[in-house]
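Next up, run21.txt (compact mmCIF, C-alpha atoms):
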```
# COMPACT_ATOMS: atom_id res chain seq x y z
CA MET A 5 0.00 0.00 0.00
CA ALA A 6 1.48 3.38 -1.01
CA ALA A 7 2.30 5.81 1.81
CA ARG A 8 0.38 9.07 1.95
CA LEU A 9 1.35 12.50 3.27
CA SER A 10 -1.08 14.69 5.21
CA ILE A 11 -0.60 18.42 4.58
CA VAL A 12 -2.14 21.13 6.74
CA MET A 13 -2.07 24.63 5.28
CA VAL A 14 -2.98 27.44 7.62
CA HIS A 15 -5.23 29.65 5.55
CA SER A 16 -4.66 33.27 6.45
CA ALA A 17 -4.25 36.47 4.48
CA PRO A 18 -0.82 36.47 2.79
CA PRO A 19 1.23 39.60 3.52
CA THR A 20 1.90 40.54 -0.12
CA ALA A 21 0.52 40.00 -3.62
CA ALA A 22 3.45 37.70 -4.42
CA ALA A 23 2.67 35.69 -1.32
CA GLN A 24 -0.95 35.48 -2.43
CA ARG A 25 0.24 34.02 -5.71
CA VAL A 26 2.34 31.41 -3.87
CA SER A 27 -0.69 30.45 -1.79
CA GLU A 28 -2.93 30.05 -4.84
CA VAL A 29 -0.39 27.90 -6.69
CA LEU A 30 0.11 25.63 -3.67
CA VAL A 31 -3.59 25.05 -3.21
CA GLY A 32 -4.14 24.44 -6.93
CA GLU A 33 -1.24 21.98 -7.19
CA LEU A 34 -1.83 20.04 -3.98
CA ILE A 35 -5.57 19.42 -4.27
CA GLY A 36 -5.94 15.96 -5.75
CA ARG A 37 -2.19 15.39 -6.04
CA PRO A 38 -1.40 11.63 -5.86
CA GLY A 39 -0.25 10.57 -2.40
CA MET A 40 -1.00 13.93 -0.74
CA ASP A 41 -4.01 14.93 1.36
CA LEU A 42 -4.38 18.71 1.69
CA VAL A 43 -6.39 20.26 4.52
CA LEU A 44 -7.06 24.01 4.87
CA ILE A 45 -7.68 25.38 8.35
CA GLY A 46 -7.89 28.81 9.95
CA PRO A 47 -5.15 30.30 12.15
CA ILE A 48 -4.23 27.65 14.70
CA GLU A 49 -3.88 30.09 17.57
CA SER A 50 -7.53 31.09 17.30
CA LEU A 51 -9.26 27.75 16.65
CA PRO A 52 -12.20 27.12 19.02
CA ALA A 53 -12.24 23.66 20.57
CA GLU A 54 -15.58 22.78 18.96
CA SER A 55 -14.81 24.21 15.52
CA THR A 56 -14.71 22.09 12.38
CA ASP A 57 -11.09 23.09 11.74
CA ARG A 58 -10.09 21.95 15.22
CA LEU A 59 -11.86 18.62 14.78
CA THR A 60 -10.21 18.20 11.39
CA LEU A 61 -6.80 18.84 12.91
CA ASP A 62 -7.45 16.40 15.75
CA SER A 63 -8.50 13.68 13.29
CA ILE A 64 -5.09 13.63 11.59
CA SER A 65 -2.87 10.75 12.64
CA GLY A 66 0.70 10.01 11.71
CA ASP A 67 3.29 12.31 10.21
CA VAL A 68 2.09 15.66 8.88
CA VAL A 69 3.27 18.75 7.01
CA VAL A 70 2.17 22.09 8.47
CA MET A 71 2.56 25.25 6.38
CA ALA A 72 1.84 28.71 7.81
CA TRP A 73 2.66 32.35 7.17
CA ARG A 74 4.73 32.70 10.32
CA PRO A 75 8.03 31.43 11.77
CA ILE A 76 8.26 27.70 12.34
CA GLU A 77 8.94 28.14 16.05
CA GLN A 78 5.65 30.01 16.41
CA THR A 79 3.75 27.38 14.44
CA MET A 80 5.08 24.61 16.70
CA ALA A 81 4.03 26.60 19.75
CA ASP A 82 0.52 27.04 18.31
CA LEU A 83 0.22 23.30 17.72
CA ALA A 84 1.33 22.53 21.26
CA ALA A 85 -1.26 25.00 22.59
CA VAL A 86 -4.08 22.95 21.02
CA ASN A 87 -2.56 19.66 22.22
CA PHE A 88 -1.45 18.57 18.76
CA ALA A 89 1.58 16.56 19.82
CA GLY A 90 4.52 15.91 17.55
CA HIS A 91 8.22 16.38 16.99
CA ARG A 92 9.64 19.00 14.67
CA SER A 93 11.36 16.98 11.96
CA PRO A 94 14.20 18.27 9.77
CA HIS A 95 13.87 18.70 6.01
CA GLU A 96 15.77 20.63 3.37
CA HIS A 97 14.04 23.91 4.30
CA ASP A 98 14.28 23.39 8.08
CA LEU A 99 17.76 22.21 8.87
CA GLN A 100 17.59 23.51 12.44
CA ALA A 101 15.16 20.78 13.48
CA THR A 102 16.50 17.74 15.31
CA ALA A 103 16.03 14.12 14.38
CA THR A 104 12.75 12.56 15.42
CA ALA A 105 12.75 9.96 18.15
CA ASN A 106 11.13 6.63 17.35
CA GLY A 107 7.41 6.56 18.02
CA ASP A 108 6.89 10.34 17.84
CA ARG A 109 4.76 11.98 15.21
CA ARG A 110 6.96 13.90 12.77
CA ILE A 111 5.87 17.44 11.91
CA PHE A 112 7.46 18.93 8.79
CA ALA A 113 6.92 22.66 9.30
CA PHE A 114 7.23 25.33 6.58
CA ASP A 115 7.37 29.10 6.93
CA LEU A 116 5.65 30.20 3.71
CA SER A 117 6.79 33.79 4.13
CA SER A 118 10.35 32.72 3.30
CA PHE A 119 9.45 31.55 -0.23
CA ALA A 120 9.04 33.76 -3.30
CA GLU A 121 7.72 30.86 -5.43
CA ALA A 122 5.73 27.72 -4.86
CA ASP A 123 7.94 25.33 -6.87
CA PRO A 124 10.62 24.78 -4.17
CA ILE A 125 7.89 23.89 -1.68
CA LEU A 126 6.23 21.44 -4.09
CA LEU A 127 9.55 19.73 -4.81
CA SER A 128 10.30 19.43 -1.11
CA LEU A 129 6.89 17.91 -0.42
CA GLN A 130 7.38 15.40 -3.21
CA ARG A 131 10.75 14.35 -1.77
CA THR A 132 9.21 14.04 1.68
CA LEU A 133 6.54 11.73 0.29
CA GLN A 134 9.15 9.62 -1.49
CA SER A 135 11.28 9.40 1.66
CA ARG A 136 8.36 7.82 3.48
CA GLY A 137 8.60 4.98 0.99
CA VAL A 138 6.00 2.65 -0.39
CA LYS A 139 4.63 0.00 1.92
CA THR A 140 4.26 -3.12 -0.15
CA PHE A 141 4.63 -6.86 0.27
CA ALA A 142 6.31 -9.06 -2.29
CA ILE A 143 3.88 -11.51 -3.78
CA GLY A 144 6.72 -13.44 -5.36
CA SER A 145 8.28 -14.12 -1.96
CA LEU A 146 5.33 -16.23 -0.90
CA ALA A 147 6.52 -19.77 -1.55
CA LYS A 148 4.05 -21.99 -3.27
CA PRO A 149 3.44 -25.37 -1.59
CA ILE A 150 5.20 -28.24 -3.27
CA THR A 151 2.63 -30.71 -4.54
CA ALA A 152 3.25 -34.20 -5.81
CA PRO A 153 2.89 -34.54 -9.54
CA SER A 154 -0.40 -36.04 -10.52
CA LYS A 155 -0.25 -39.64 -11.70
CA PRO A 156 -0.90 -40.07 -15.40
CA VAL A 157 -4.03 -41.98 -16.25
CA ALA A 158 -3.02 -45.48 -17.35
CA ALA A 159 -4.13 -46.34 -20.85
CA LYS A 160 -6.39 -49.37 -21.11
CA PRO A 161 -4.55 -52.36 -22.74
CA VAL A 162 -5.82 -53.52 -26.08
CA THR A 163 -7.01 -57.13 -25.64
CA ALA A 164 -7.18 -59.80 -28.34
CA PRO A 165 -10.65 -60.87 -29.46
CA THR A 166 -12.07 -63.77 -27.47
CA ALA A 167 -12.73 -67.21 -28.89
CA ALA A 168 -16.49 -66.68 -28.70
CA ALA A 169 -16.16 -63.52 -30.71
CA THR A 170 -14.05 -65.39 -33.26
CA LYS A 171 -16.64 -68.16 -33.55
CA THR A 172 -19.44 -65.67 -33.86
CA ALA A 173 -17.66 -63.89 -36.65
CA ALA A 174 -16.81 -67.12 -38.49
CA PRO A 175 -20.23 -67.63 -40.14
CA ASN A 176 -20.01 -64.18 -41.64
CA LYS A 177 -16.74 -65.11 -43.31
CA ALA A 178 -17.99 -68.57 -44.44
CA GLU A 179 -21.16 -67.17 -45.88
CA PRO A 180 -19.57 -65.94 -49.14
CA GLU A 181 -17.86 -69.34 -49.54
CA GLY A 182 -21.22 -71.11 -49.34
CA ASP A 183 -22.64 -68.82 -51.98
CA SER A 184 -19.68 -69.46 -54.25
CA GLN A 185 -20.08 -73.20 -53.79
CA LYS A 186 -23.75 -72.96 -54.75
CA GLN A 187 -22.82 -70.84 -57.74
CA SER A 188 -20.09 -73.29 -58.80
CA ALA A 189 -22.46 -76.22 -58.38
CA ALA A 190 -25.08 -74.67 -60.63
CA PRO A 191 -23.25 -75.19 -63.95
CA PRO A 192 -23.02 -79.00 -63.56
CA ALA A 193 -26.78 -79.12 -63.01
CA GLN A 194 -27.33 -77.16 -66.20
CA SER A 195 -24.93 -79.40 -68.16
CA THR A 196 -26.76 -82.52 -66.90
CA ALA A 197 -30.08 -81.16 -68.09
CA ALA A 198 -28.60 -80.34 -71.48
CA LYS A 199 -27.12 -83.84 -71.72
CA SER A 200 -30.46 -85.46 -70.95
CA GLY A 201 -32.02 -83.22 -73.56
CA ARG A 202 -29.55 -84.48 -76.14
CA ILE A 203 -30.22 -88.12 -75.22
CA ASP A 204 -33.98 -87.72 -75.63
CA LEU A 205 -33.48 -86.06 -79.01
CA ASP A 206 -31.28 -88.93 -80.26
CA GLU A 207 -33.81 -91.52 -79.20
CA LEU A 208 -36.56 -89.60 -80.96
CA LEU A 209 -34.53 -89.47 -84.20
CA ASP A 210 -33.87 -93.22 -83.99
CA GLN A 211 -37.54 -93.91 -83.58
CA LEU A 212 -38.33 -91.76 -86.61
CA ASP A 213 -35.75 -93.64 -88.70
CA GLN A 214 -37.21 -96.99 -87.72
CA SER A 215 -40.72 -95.87 -88.58
CA ASP A 216 -39.57 -94.87 -92.06
CA HIS A 217 -38.23 -98.40 -92.68
```
Can you present the structure in this file as structure tokens?
Amino acid sequence: MAARLSIVMVHSAPPTAAAQRVSEVLVGELIGRPGMDLVLIGPIESLPAESTDRLTLDSISGDVVVMAWRPIEQTMADLAAVNFAGHRSPHEHDLQATATANGDRRIFAFDLSSFAEADPILLSLQRTLQSRGVKTFAIGSLAKPITAPSKPVAAKPVTAPTAAATKTAAPNKAEPEGDSQKQSAAPPAQSTAAKSGRIDLDELLDQLDQSDH
């Protein structure tokens, strides 16, 4: 899961027109910026305990960026006055801060009055977000359970035809032979009939010859 950075911008009247421009650019660039959650609140020193801005500030957990149009020391004092605990954490535009002890909320404070442009602030915020890292877990590191290879399905052996099947099939094979035998036997029957026909004709001719004599 990607880390996110909460940003609190104290919304008060900038001292100059140039400062007003810086404020407008920051708000326009940070709203909806990936990984950053911008919150606008009124001056911290005058937030009523029941106000929406105070409740919004109290709902923030974890590390936070606080930007205001006043010195960082004064901003940290204002946060302490409303019981917003945290440790001033160093960054490239606040090198006087000390390292944060483990377990303490880190507060990256910015004095907006010391900037003539918004770009250096935006770059610093982006680096701060990157320094928090990306919280991920490696899917590839999860070892898959070793499973035994599945046994191949044994092919059914091809069996020779049984004797009964052979006997059953035999008449089908012998049937053409019987037909051929009947067909081969037919010609002798025809020749016998022709022979008898010739014998009868000879006898008839002999009888005719005898009657003539």
For the point (15.8, 30.9, 11.3) in file coordinates, what residues are within 10 Å, counting all atoms listed in the file? Give the answer as a list in words?
-> Pro75, Ile76, Glu77, Asp98, Leu99, Gln100, Asp115 and Ser118 of chain A
| query | Using all atoms listed in the file, which residues sit within 8 Å of region 27-37 of chain A once same-chain residues fewer than 5 positions away are excluded, as an NGL selection string? | reply | :A and (18 or 42 or 122 or 126)
Shortest contact to Leu61 (chain A), candidates A:Ala81, A:Ala103, A:Ala21, A:Met13, atoms counted all atoms listed in the file, goes to A:Met13
Need the shell around Met80 (chain A): protein/DNA/RNA residues with any atom at most 12 Å away, counting all atoms listed in the file. Skip same-chain ones fewer than 3 positions apart. Format as a list in words?
Ile48, Glu49, Val69, Val70, Met71, Ala72, Arg74, Pro75, Ile76, Glu77, Leu83, Ala84, Ala85, Val86, Asn87, Phe88, Ala89, Gly90, His91, Arg92, Ser93, Ala101, Arg110, Ile111, Phe112, Ala113, Phe114 and Asp115 of chain A
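Using only C-alpha atoms, the shortest contact distance between Met40 (chain A) and any of A:Glu96, A:Asp108, A:Thr79, A:Asp67 is found at A:Asp67.
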Test item: axis-aligned box, all listed atoms of region 9-22 of chain A, 4 Å on each side, centre and edges in Å rounded to one decimal, as JSON:
```
{"center_x": -0.9, "center_y": 26.5, "center_z": 1.6, "size_x": 16.7, "size_y": 36.0, "size_z": 20.0}
```
Here CA of Ser50 (chain A) and CA of His15 (chain A) stand apart by 12.1 Å
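The spacing separating CA of Ala22 (chain A) from CA of Leu51 (chain A) amounts to 26.5 Å.
Put simply, CA of Ser10 (chain A) is 20.5 Å away from CA of Thr102 (chain A).
Shortest separation to Ser65 (chain A) among A:Leu9, A:Leu127, A:Ile45, A:Leu116 occurs at residue A:Leu9, atoms counted being only C-alpha atoms.
Using only C-alpha atoms for every distance, the candidate list A:Ile64, A:Asp82, A:Ala23, A:Gly39 yields A:Gly39 as the residue closest to Gln130 (chain A).
For the residues A:Thr60, A:Ser128, A:Ser117, A:Gln134, ranking by smallest atom-to-atom distance to Ser16 (chain A) using all atoms listed in the file places A:Ser117 first.
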